[in-house]
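As stored in query-v5.cif (mmCIF, C-alpha atoms):
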data_coords
loop_
_atom_site.label_atom_id
_atom_site.label_comp_id
_atom_site.auth_asym_id
_atom_site.auth_seq_id
_atom_site.Cartn_x
_atom_site.Cartn_y
_atom_site.Cartn_z
CA MET C 95 0.00 0.00 0.00
CA ASN C 96 2.68 2.42 1.04
CA THR C 97 4.76 1.82 -2.08
CA ASN C 98 1.72 2.64 -4.22
CA HIS C 99 1.02 5.91 -2.43
CA ARG C 100 4.52 7.33 -2.28
CA PRO C 101 4.90 8.09 -6.00
CA ALA C 102 1.48 9.79 -6.01
CA ALA C 103 2.37 11.92 -3.00
CA ALA C 104 5.77 12.75 -4.46
CA SER C 105 4.18 13.70 -7.74
CA LEU C 106 1.67 15.92 -5.97
CA LEU C 107 4.43 17.66 -4.03
CA LYS C 108 6.41 18.09 -7.22
CA TRP C 109 3.56 19.83 -9.01
CA ILE C 110 2.79 21.99 -6.00
CA GLY C 111 6.44 23.05 -6.09
CA VAL C 112 6.25 23.83 -9.80
CA GLY C 113 3.08 25.80 -9.22
CA LEU C 114 4.58 27.87 -6.42
CA LEU C 115 7.70 28.49 -8.49
CA SER C 116 5.56 29.61 -11.43
CA VAL C 117 3.46 32.11 -9.55
CA THR C 118 6.46 33.70 -7.82
CA VAL C 119 9.45 33.54 -10.14
CA VAL C 120 7.75 33.94 -13.51
CA PRO C 121 5.95 37.21 -12.68
CA LEU C 122 9.18 38.50 -11.18
CA LEU C 123 11.07 37.67 -14.36
CA ALA C 124 8.33 39.24 -16.44
CA VAL C 125 8.50 42.48 -14.49
CA VAL C 126 12.30 42.60 -14.45
CA PHE C 127 12.85 41.82 -18.12
CA VAL C 128 9.74 43.20 -19.78
CA LEU C 129 8.71 46.23 -17.72
CA PRO C 130 11.38 48.42 -19.34
CA PHE C 131 9.61 47.73 -22.63
CA ALA C 132 6.12 47.94 -21.19
CA GLY C 133 5.36 51.22 -22.90
CA ARG C 134 6.31 49.75 -26.22
CA VAL C 135 4.30 46.61 -25.50
CA ALA C 136 1.31 48.74 -24.73
CA ALA C 137 1.79 50.84 -27.84
CA ALA C 138 2.24 47.79 -30.05
CA PHE C 139 -1.04 46.34 -28.83
CA ASP C 140 -2.62 49.78 -28.55
CA TYR C 141 -3.46 49.51 -24.89
CA SER C 142 -4.75 52.87 -23.95
CA ALA C 143 -7.00 53.94 -21.15
CA ASP C 144 -7.87 57.15 -22.89
CA LEU C 145 -7.85 56.58 -26.61
CA ALA C 146 -10.61 54.24 -27.59
CA THR C 147 -9.96 53.85 -31.29
CA PRO C 148 -7.20 51.39 -32.23
CA GLN C 149 -4.92 52.85 -34.84
CA VAL C 150 -1.90 50.58 -34.79
CA THR C 151 -1.71 47.07 -36.16
CA PRO C 152 0.91 44.96 -34.36
CA ASP C 153 3.95 44.57 -36.59
CA PHE C 154 6.00 41.46 -35.96
CA SER C 155 8.54 41.94 -38.76
CA ILE C 156 12.21 41.42 -37.89
CA ALA C 157 13.02 45.09 -38.43
CA HIS C 158 10.18 46.21 -36.23
CA THR C 159 11.02 43.62 -33.59
CA LEU C 160 14.63 44.81 -33.46
CA ASP C 161 13.45 48.41 -33.30
CA PHE C 162 10.98 47.42 -30.58
CA PHE C 163 13.66 46.09 -28.25
CA PHE C 164 16.72 48.08 -29.29
CA GLY C 165 15.23 51.22 -30.89
CA SER C 166 16.25 53.49 -28.07
CA LEU C 167 19.83 52.28 -28.32
CA LEU C 168 20.03 52.61 -32.10
CA SER C 169 18.08 55.79 -32.59
CA THR C 170 20.62 58.25 -31.28
CA SER C 171 23.27 57.18 -33.74
CA THR C 172 21.31 56.12 -36.82
CA GLN C 173 18.10 58.15 -36.93
CA SER C 174 17.44 61.80 -37.53
CA PHE C 175 13.95 61.72 -36.03
CA PRO C 176 12.20 59.92 -33.26
CA SER C 177 10.32 57.10 -34.96
CA GLY C 178 7.66 54.51 -34.42
CA THR C 179 4.59 54.77 -32.25
CA ILE C 180 4.94 57.45 -29.63
CA THR C 181 2.80 59.73 -27.53
CA GLY C 182 2.88 62.93 -29.52
CA LYS C 183 2.59 65.81 -27.11
CA VAL C 184 2.55 69.56 -27.59
CA THR C 185 2.04 72.21 -24.90
CA GLY C 186 2.10 75.96 -24.90
CA GLY C 187 1.29 79.16 -23.09
CA GLY C 188 1.80 82.71 -24.25
CA THR C 189 0.59 85.59 -26.35
CA ILE C 190 0.59 86.71 -29.99
CA SER C 191 1.57 88.41 -32.16
CA ALA C 192 4.94 89.83 -33.01
CA ASP C 193 4.58 89.75 -36.78
CA ASP C 194 1.15 91.01 -37.83
CA ALA C 195 -0.19 94.54 -37.30
CA ARG C 196 -3.76 93.20 -37.32
CA ILE C 197 -2.96 91.33 -34.10
CA PRO C 198 -1.06 93.68 -31.75
CA PRO C 199 1.36 92.08 -29.25
CA ARG C 200 -0.43 90.66 -26.19
CA SER C 201 -3.85 91.08 -27.79
CA ARG C 202 -4.41 87.27 -27.79
CA SER C 203 -3.53 84.86 -24.96
CA PHE C 204 -3.42 81.08 -25.24
CA GLY C 205 -2.74 77.98 -23.19
CA TYR C 206 -3.06 74.45 -24.51
CA VAL C 207 -2.20 70.78 -24.15
CA ALA C 208 -2.69 68.23 -26.93
CA MET C 209 -1.45 64.65 -26.92
CA GLY C 210 -2.20 61.34 -28.56
CA GLN C 211 -0.65 58.24 -30.06
CA VAL C 212 1.08 59.01 -33.36
CA VAL C 213 3.26 56.97 -35.69
CA ILE C 214 6.36 58.85 -36.84
CA ASP C 215 8.05 58.12 -40.17
CA SER C 216 11.77 57.87 -39.42
CA ALA C 217 12.67 59.25 -42.86
CA THR C 218 10.63 62.44 -42.75
CA GLY C 219 9.66 63.05 -39.14
CA ALA C 220 6.03 63.27 -40.25
CA SER C 221 3.25 61.34 -38.56
CA ASN C 222 0.29 59.29 -39.72
CA CYS C 223 -2.13 62.00 -38.57
CA THR C 224 -3.86 63.94 -41.35
CA PRO C 225 -7.07 65.99 -41.63
CA ALA C 226 -8.64 63.04 -43.47
CA THR C 227 -7.32 60.46 -40.98
CA PRO C 228 -6.96 62.32 -37.69
CA CYS C 229 -5.36 60.69 -34.67
CA PRO C 230 -7.52 60.57 -31.52
CA ALA C 231 -6.18 62.96 -28.91
CA LYS C 232 -6.87 64.48 -25.55
CA GLY C 233 -6.03 67.79 -23.98
CA HIS C 234 -7.55 71.23 -23.62
CA LEU C 235 -7.43 74.72 -25.09
CA ASN C 236 -7.96 78.15 -23.62
CA TYR C 237 -7.73 81.16 -25.92
CA VAL C 238 -8.76 84.76 -25.32
CA ASN C 239 -9.04 87.61 -27.79
CA HIS C 240 -8.59 90.59 -25.48
CA THR C 241 -9.79 93.03 -28.15
CA THR C 242 -13.20 91.44 -28.70
CA GLY C 243 -13.53 89.46 -25.46
CA VAL C 244 -13.98 86.15 -27.30
CA HIS C 245 -12.98 83.22 -25.06
CA ILE C 246 -12.57 79.85 -26.77
CA ASN C 247 -12.47 76.92 -24.38
CA GLY C 248 -12.77 73.24 -25.19
CA GLU C 249 -11.42 69.72 -25.14
CA VAL C 250 -8.91 68.65 -27.75
CA THR C 251 -10.16 65.56 -29.58
CA GLU C 252 -8.00 65.10 -32.69
CA ILE C 253 -4.48 65.66 -33.95
CA THR C 254 -4.47 66.26 -37.70
CA ASN C 255 -0.77 66.97 -38.14
CA PHE C 256 2.29 66.18 -36.04
CA GLN C 257 5.80 66.43 -37.38
CA PHE C 258 9.29 66.67 -35.97
CA PHE C 259 11.80 68.90 -37.74
CA ALA C 260 15.30 67.61 -38.40
CA THR C 261 17.49 69.03 -35.64
CA PRO C 262 20.92 68.36 -34.23
CA PRO C 263 20.97 66.94 -30.70
CA GLY C 264 19.22 69.40 -28.43
CA PRO C 265 15.73 70.76 -28.02
CA THR C 266 13.12 69.14 -30.22
CA LYS C 267 11.46 71.25 -32.90
CA GLY C 268 8.36 70.56 -34.93
CA THR C 269 4.83 71.48 -35.81
CA ALA C 270 1.37 70.22 -34.89
CA THR C 271 -2.27 70.86 -35.68
CA PHE C 272 -5.13 69.79 -33.45
CA ARG C 273 -8.89 70.17 -33.29
CA GLY C 274 -11.65 70.23 -30.72
CA THR C 275 -15.01 71.74 -29.92
CA ASP C 276 -15.46 75.09 -28.21
CA THR C 277 -17.98 75.14 -25.36
CA LYS C 278 -17.64 78.78 -24.38
CA SER C 279 -18.09 81.20 -27.27
CA GLY C 280 -20.18 79.01 -29.55
CA CYS C 281 -17.78 79.20 -32.47
CA GLY C 282 -17.97 75.44 -33.04
CA THR C 283 -14.93 73.39 -34.01
CA PHE C 284 -11.58 75.02 -33.37
CA THR C 285 -8.43 74.22 -35.32
CA VAL C 286 -5.13 75.20 -33.73
CA SER C 287 -1.81 75.06 -35.51
CA VAL C 288 1.48 75.59 -33.69
CA THR C 289 5.19 75.49 -34.49
CA ASP C 290 8.04 74.99 -32.04
CA ASN C 291 11.11 76.65 -33.50
CA GLY C 292 13.32 75.97 -30.49
CA GLU C 293 14.17 77.72 -27.27
CA PRO C 294 13.39 80.30 -26.12
CA GLY C 295 9.94 80.55 -27.66
CA THR C 296 10.42 83.91 -29.33
CA ASN C 297 10.28 82.35 -32.81
CA ASP C 298 7.47 79.92 -32.02
CA ARG C 299 4.11 80.33 -33.71
CA PHE C 300 0.45 79.89 -32.81
CA GLY C 301 -2.65 80.12 -34.97
CA ILE C 302 -6.34 79.40 -34.48
CA ASP C 303 -9.51 79.29 -36.54
CA CYS C 304 -12.94 78.90 -34.98
CA GLY C 305 -16.02 80.36 -36.63
CA GLY C 306 -15.28 84.04 -37.17
CA GLU C 307 -12.28 84.04 -34.86
CA THR C 308 -9.04 83.80 -36.79
CA THR C 309 -5.39 84.71 -36.44
CA PHE C 310 -4.91 84.60 -40.23
CA GLY C 311 -2.69 81.53 -39.98
CA GLN C 312 0.13 81.01 -37.52
CA ARG C 313 1.41 84.17 -35.87
CA GLN C 314 4.73 84.66 -34.10
CA HIS C 315 4.58 84.68 -30.31
CA SER C 316 4.93 88.02 -28.61
CA GLY C 317 5.72 86.06 -25.43
CA GLY C 318 5.66 82.57 -23.99
CA ASN C 319 6.57 79.24 -25.47
CA SER C 320 5.27 76.28 -27.48
CA GLN C 321 6.86 72.88 -27.08
CA ILE C 322 6.83 69.75 -29.21
CA HIS C 323 7.91 67.23 -26.60
CA PRO C 324 10.48 64.53 -27.32
CA PRO C 325 9.11 60.99 -27.12
CA GLN C 326 10.90 60.08 -23.89
CA ALA C 327 9.29 62.95 -22.01
CA LYS C 328 6.11 62.13 -20.13
CA MET B 173 1.28 17.42 -17.89
CA LYS B 174 4.47 19.14 -19.09
CA ARG B 175 2.55 20.86 -21.86
CA LEU B 176 -0.04 22.01 -19.39
CA THR B 177 2.65 23.40 -17.12
CA THR B 178 4.39 25.15 -20.00
CA ALA B 179 1.13 26.67 -21.16
CA PHE B 180 0.33 27.80 -17.62
CA VAL B 181 3.75 29.40 -17.15
CA LEU B 182 3.52 31.12 -20.55
CA ALA B 183 0.03 32.42 -19.84
CA LEU B 184 1.14 33.72 -16.46
CA PHE B 185 4.11 35.49 -18.05
CA ILE B 186 1.95 37.14 -20.71
CA ALA B 187 -0.70 38.15 -18.20
CA THR B 188 1.88 39.72 -15.91
CA THR B 189 3.47 41.60 -18.79
CA ALA B 190 0.13 42.86 -20.06
CA ALA B 191 -0.94 43.93 -16.58
CA ALA B 192 2.32 45.80 -16.06
CA SER B 193 1.85 47.55 -19.40
CA ARG B 194 -1.68 48.58 -18.55
CA VAL B 195 -0.64 49.92 -15.19
CA LEU B 196 2.12 51.92 -16.83
CA ILE B 197 -0.09 53.41 -19.52
CA ALA B 198 -3.12 53.92 -17.32
CA ALA B 199 -1.10 56.24 -15.08
CA SER B 200 -3.35 59.26 -15.14
CA GLU B 201 -2.40 62.57 -16.64
CA THR B 202 -4.08 65.86 -15.88
CA SER B 203 -3.93 68.87 -18.11
CA VAL B 204 -3.90 72.39 -16.71
CA THR B 205 -4.59 75.06 -19.28
CA GLY B 206 -5.43 78.69 -18.97
CA ALA B 207 -5.48 82.01 -20.75
CA GLY B 208 -6.73 85.41 -19.75
CA THR B 209 -6.17 88.37 -17.50
CA ALA B 210 -6.14 88.80 -13.74
CA ALA B 211 -5.82 91.47 -11.06
CA PHE B 212 -3.58 91.82 -8.02
CA PRO B 213 -4.95 93.08 -4.75
CA SER B 214 -4.07 96.71 -4.16
CA GLY B 215 -0.75 97.30 -2.50
CA THR B 216 1.03 94.38 -4.18
CA VAL B 217 4.70 95.16 -4.62
CA PHE B 218 7.43 93.00 -6.09
CA ASN B 219 11.06 94.16 -6.23
CA GLY B 220 9.93 97.77 -5.90
CA VAL B 221 7.30 97.50 -8.64
CA THR B 222 3.67 98.06 -7.65
CA LEU B 223 1.67 95.40 -9.49
CA THR B 224 -1.92 95.96 -10.59
CA THR B 225 -2.93 93.55 -13.35
CA SER B 226 -1.56 90.56 -15.20
CA GLN B 227 -1.94 88.43 -18.30
CA PHE B 228 -1.29 84.71 -18.45
CA GLY B 229 -1.16 81.61 -20.65
CA LYS B 230 -0.32 78.10 -19.60
CA GLY B 231 -0.39 74.54 -20.85
CA VAL B 232 0.81 71.91 -18.40
CA VAL B 233 0.57 68.11 -18.16
CA LEU B 234 0.71 66.68 -14.63
CA ASN B 235 1.73 63.04 -14.29
CA SER B 236 0.66 60.86 -11.40
CA ASP B 237 4.28 60.34 -10.32
CA GLY B 238 4.76 64.04 -9.54
CA SER B 239 6.58 64.89 -12.73
CA ALA B 240 5.10 67.40 -15.13
CA SER B 241 5.86 69.18 -18.38
CA GLY B 242 4.64 72.28 -20.11
CA ASP B 243 4.77 76.02 -20.17
CA PHE B 244 3.73 78.92 -17.96
CA TYR B 245 3.70 82.53 -19.05
CA ASN B 246 2.75 85.43 -16.83
CA VAL B 247 3.06 89.14 -17.59
CA LEU B 248 2.83 91.31 -14.47
CA ASP B 249 1.84 94.90 -15.18
CA GLY B 250 2.52 97.74 -12.78
CA GLY B 251 4.76 100.65 -12.27
CA THR B 252 7.18 102.65 -10.19
CA ALA B 253 7.63 106.35 -9.58
CA LEU B 254 9.49 106.40 -12.88
CA GLY B 255 6.51 105.11 -14.88
CA ALA B 256 4.90 101.89 -16.12
CA GLN B 257 6.86 98.69 -15.81
CA THR B 258 6.10 95.17 -16.98
CA ILE B 259 7.65 92.04 -15.46
CA THR B 260 7.63 88.95 -17.68
CA VAL B 261 7.84 85.41 -16.29
CA THR B 262 8.41 82.59 -18.77
CA GLY B 263 8.52 79.22 -17.01
CA ARG B 264 9.35 75.68 -18.02
CA VAL B 265 7.39 73.24 -15.86
CA SER B 266 9.10 70.11 -14.52
CA TYR B 267 7.01 68.97 -11.55
CA GLY B 268 3.47 69.26 -10.30
CA SER B 269 0.47 67.56 -8.77
CA LEU B 270 -3.21 67.87 -8.02
CA ASN B 271 -4.25 69.05 -4.58
CA ALA B 272 -7.03 67.66 -2.44
CA ASP B 273 -9.13 70.80 -2.95
CA GLY B 274 -9.04 70.42 -6.76
CA SER B 275 -6.38 73.00 -7.37
CA ALA B 276 -3.11 72.18 -9.09
CA THR B 277 0.41 73.10 -8.06
CA PHE B 278 3.29 72.98 -10.51
CA GLY B 279 6.69 74.53 -10.89
CA GLY B 280 10.09 74.52 -12.44
CA ASN B 281 12.53 77.13 -13.57
CA SER B 282 11.66 80.45 -15.11
CA SER B 283 13.22 83.36 -16.88
CA VAL B 284 12.22 86.60 -15.19
CA ASP B 285 12.56 89.83 -17.13
CA MET B 286 12.05 92.78 -14.79
CA GLY B 287 11.36 95.08 -17.71
CA ASP B 288 13.84 97.67 -16.48
CA GLY B 289 16.52 97.02 -19.05
CA SER B 290 18.40 94.53 -16.92
CA ARG B 291 19.14 91.05 -18.22
CA PRO B 292 16.54 88.34 -17.51
CA THR B 293 17.46 86.08 -14.61
CA SER B 294 16.78 82.42 -13.94
CA VAL B 295 14.43 81.97 -10.96
CA PRO B 296 12.67 78.87 -9.59
CA PHE B 297 8.92 79.29 -9.64
CA THR B 298 5.80 77.60 -8.31
CA VAL B 299 2.21 78.18 -9.33
CA THR B 300 -0.97 77.11 -7.60
CA ALA B 301 -3.85 77.34 -10.05
CA THR B 302 -7.60 77.25 -9.45
CA SER B 303 -10.51 78.16 -11.66
CA MET B 304 -10.60 81.51 -9.84
CA GLY B 305 -6.99 82.56 -10.03
CA ILE B 306 -3.31 81.80 -9.77
CA THR B 307 -0.80 82.20 -6.98
CA LEU B 308 2.76 82.66 -8.17
CA VAL B 309 5.86 82.08 -6.07
CA LEU B 310 9.08 83.50 -7.50
CA GLY B 311 12.14 82.31 -5.63
CA ALA B 312 11.33 82.94 -1.97
CA THR B 313 8.61 85.52 -2.69
CA THR B 314 4.96 84.51 -2.70
CA LEU B 315 2.91 87.04 -4.62
CA PRO B 316 -0.71 87.62 -3.63
CA THR B 317 -3.23 85.60 -5.63
CA GLN B 318 -4.06 86.99 -9.04
CA THR B 319 -7.85 86.93 -9.39
CA LEU B 320 -9.17 86.17 -12.87
CA THR B 321 -10.85 89.04 -14.67
CA SER B 322 -11.18 87.39 -18.10
CA GLY B 323 -10.54 84.01 -19.68
CA GLY B 324 -10.28 80.89 -17.59
CA VAL B 325 -8.27 78.09 -16.05
CA ASP B 326 -9.17 74.45 -16.61
CA ILE B 327 -7.84 71.51 -14.61
CA ARG B 328 -8.87 68.19 -16.24
#
Encoding of this model in structure tokens:
Amino acid sequence: MNTNHRPAAASLLKWIGVGLLSVTVVPLLAVVFVLPFAGRVAAAFDYSADLATPQVTPDFSIAHTLDFFFGSLLSTSTQSFPSGTITGKVTGGGTISADDARIPPRSRSFGYVAMGQVVIDSATGASNCTPATPCPAKGHLNYVNHTTGVHINGEVTEITNFQFFATPPGPTKGTATFRGTDTKSGCGTFTVSVTDNGEPGTNDRFGIDCGGETTFGQRQHSGGNSQIHPPQAK
Amino acid sequence: MKRLTTAFVLALFIATTAAASRVLIAASETSVTGAGTAAFPSGTVFNGVTLTTSQFGKGVVLNSDGSASGDFYNVLDGGTALGAQTITVTGRVSYGSLNADGSATFGGNSSVDMGDGSRPTSVPFTVTATSMGITLVLGATTLPTQTLTSGGVDIR
């Protein structure tokens, strides 16, 4: 009797041991070895708590796989632009304009945040976001025309252009266009276009169109800053 | 049984990785934006300049780990016995968080131009923003709260 039971008991103990090992060591290994790439894993599978519409198809090609794991190591020496799927983010606060007599300096104030998942082409720095195929985004805009009293205020919902400019190592430069709906002045859908021409922000540009409110294209800041954020920044 | 064990271990690994990814991405971000004008309480003086009104623009992203990024711009209008003077604060935000009362506090380093012909200086700054106004701290000086007179501040 005993000889029949021992192998069964030993086998049971063995599998309990394997089970315990699995639930402790494997998650630890997963966290240690994969967490550094977690952002990329999430992007590849389009896990996003905020952006509901999937826009990226997982790419398992060798080139993409190498870029997935080693992109950050290779990019500084071989690429002119950040590339791949990133969180495109642009922020700004300031006044316009310094280049158009129709908009005296400090006559318009703005503050904005716009960010969303974008796919950057490593050859051009341009993204997959276009007016016809906008990228879902989040953020907010406040804009005041101090001459007329118009206050445009609304959530950012789409990025229709996002592009990095070729720059030597240093501050990132680029341009972005985003849209949303005003809930304050009743002007409807606003379209904001900004350009980050480096630091300080004296050469940066901001433009808005919403109903009858317009800055006649992008106007040079009379103060403040606009920033296209590098991909590694949160 | 070996196949079952292998499948179990693999599934556990994938689940852990996916969960870690979700946690990382789901880390909440809050945007603080604002544009408009504001007023100082009477008697506000900074570096010998009597401040009366201001103009501001800001776009800031607060991360749940206390880091932040974005821009803060504040023009402080006032004067001295010699005439009108405008102080310009242009700040780069590097940290910030939400407060229990719904306000947001953020800060970083700023360039302060006193508007008196002297060269702009680099000064640490902190801002506490509410929908009613902003409180600016420049170096060791806390300026009285600027109360909004036009525009708005949104914390979302």
- Run the PyMOL selection byres ((chain C and resi 213) around 6) on the file and write out the hits as an MDAnalysis selection string. chainID C and resid 178:179 212 214 221:222
- Query: Which is closer to chain B than all the others in C:Gly274, C:Pro263, C:Pro225, C:Gly233, using only C-alpha atoms?
  - Reply: C:Gly233
- Item | Test item: the PyMOL selection byres ((chain B and resi 210-214) around 12) resolved as a ChimeraX atom specification | /B:206-209,215-218,222-229,246-250,303-308,315-325
- Explicit residues for the PyMOL selection byres ((chain B and resi 272-277) around 9) (as an MDAnalysis selection string): chainID B and resid 204 234 267:271 278:279 298:303 327
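The environment of Pro228 of chain C within 7 Å, counting only C-alpha atoms and disregarding residues fewer than 4 places along the same chain, consists of C:Cys223, C:Thr224, C:Glu252, C:Ile253, C:Thr254.
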Residues as selected, C-alpha atoms, written as a PDB file, in the frame of the given file, can you do that?
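The resulting out.pdb:
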ATOM      1  CA  CYS C 223      -2.130  62.000 -38.570  1.00  0.00           C
ATOM      2  CA  THR C 224      -3.860  63.940 -41.350  1.00  0.00           C
ATOM      3  CA  GLU C 252      -8.000  65.100 -32.690  1.00  0.00           C
ATOM      4  CA  ILE C 253      -4.480  65.660 -33.950  1.00  0.00           C
ATOM      5  CA  THR C 254      -4.470  66.260 -37.700  1.00  0.00           C
TER       6      THR C 254
END
- Counting all atoms listed in the file, what is within 8 Å of segment 304-318 of chain C, bar same-chain residues fewer than 2 positions away, as a PyMOL selection string? (chain C and resi 186-194+197+199-200+281-285+287-288+295-302+320) or (chain B and resi 229+243-245+262)
- Message: Can you pull out the residues contacting Gly242 of chain B? Cut-off 10 Å, using only C-alpha atoms, and skip same-chain residues under 2 positions away; I want them as a PyMOL selection string.
- Response: (chain C and resi 183-187+205-207+319-323) or (chain B and resi 203-205+230-234+240+244+263-267+278-280)
- Item | Counting all atoms listed in the file, the residue of C:Gly292, C:Pro325, C:Pro262, C:Gly113 that sits nearest chain B |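 The shortest atom-to-atom distance to chain B comes from C:Gly113.
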- Message: So, with all atoms listed in the file as the atoms that count, which of C:Gly219, C:Gly210, C:Gly264, C:Pro176 lies closest to chain B?
- Response: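 Of C:Gly219, C:Gly210, C:Gly264, C:Pro176, the one nearest chain B is C:Gly210, counting all atoms listed in the file.
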- Message: My list of candidates is C:Ala220, C:Gly111, C:Thr289, C:Val250. Which is closest to Lys267 of chain C when distances are computed with all atoms listed in the file?
- Response: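 Going through C:Ala220, C:Gly111, C:Thr289, C:Val250 one by one, the smallest distance to Lys267 of chain C is for C:Thr289.
Across the model, the gap from atom CA of Gly287 of chain B to atom CA of Gln257 of chain B is 6.1 Å.
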- What gap, in Å, lies between atom CA of Ala270 of chain C and atom CA of Cys229 of chain C?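 Going from atom CA of Ala270 of chain C over to atom CA of Cys229 of chain C, I get 11.7 Å.
Remark: for Ser290 of chain B, the closest of the candidate residues B:Asp326, B:Leu310, B:Thr252, B:Ile259 is B:Ile259 (distances computed over all atoms listed in the file).
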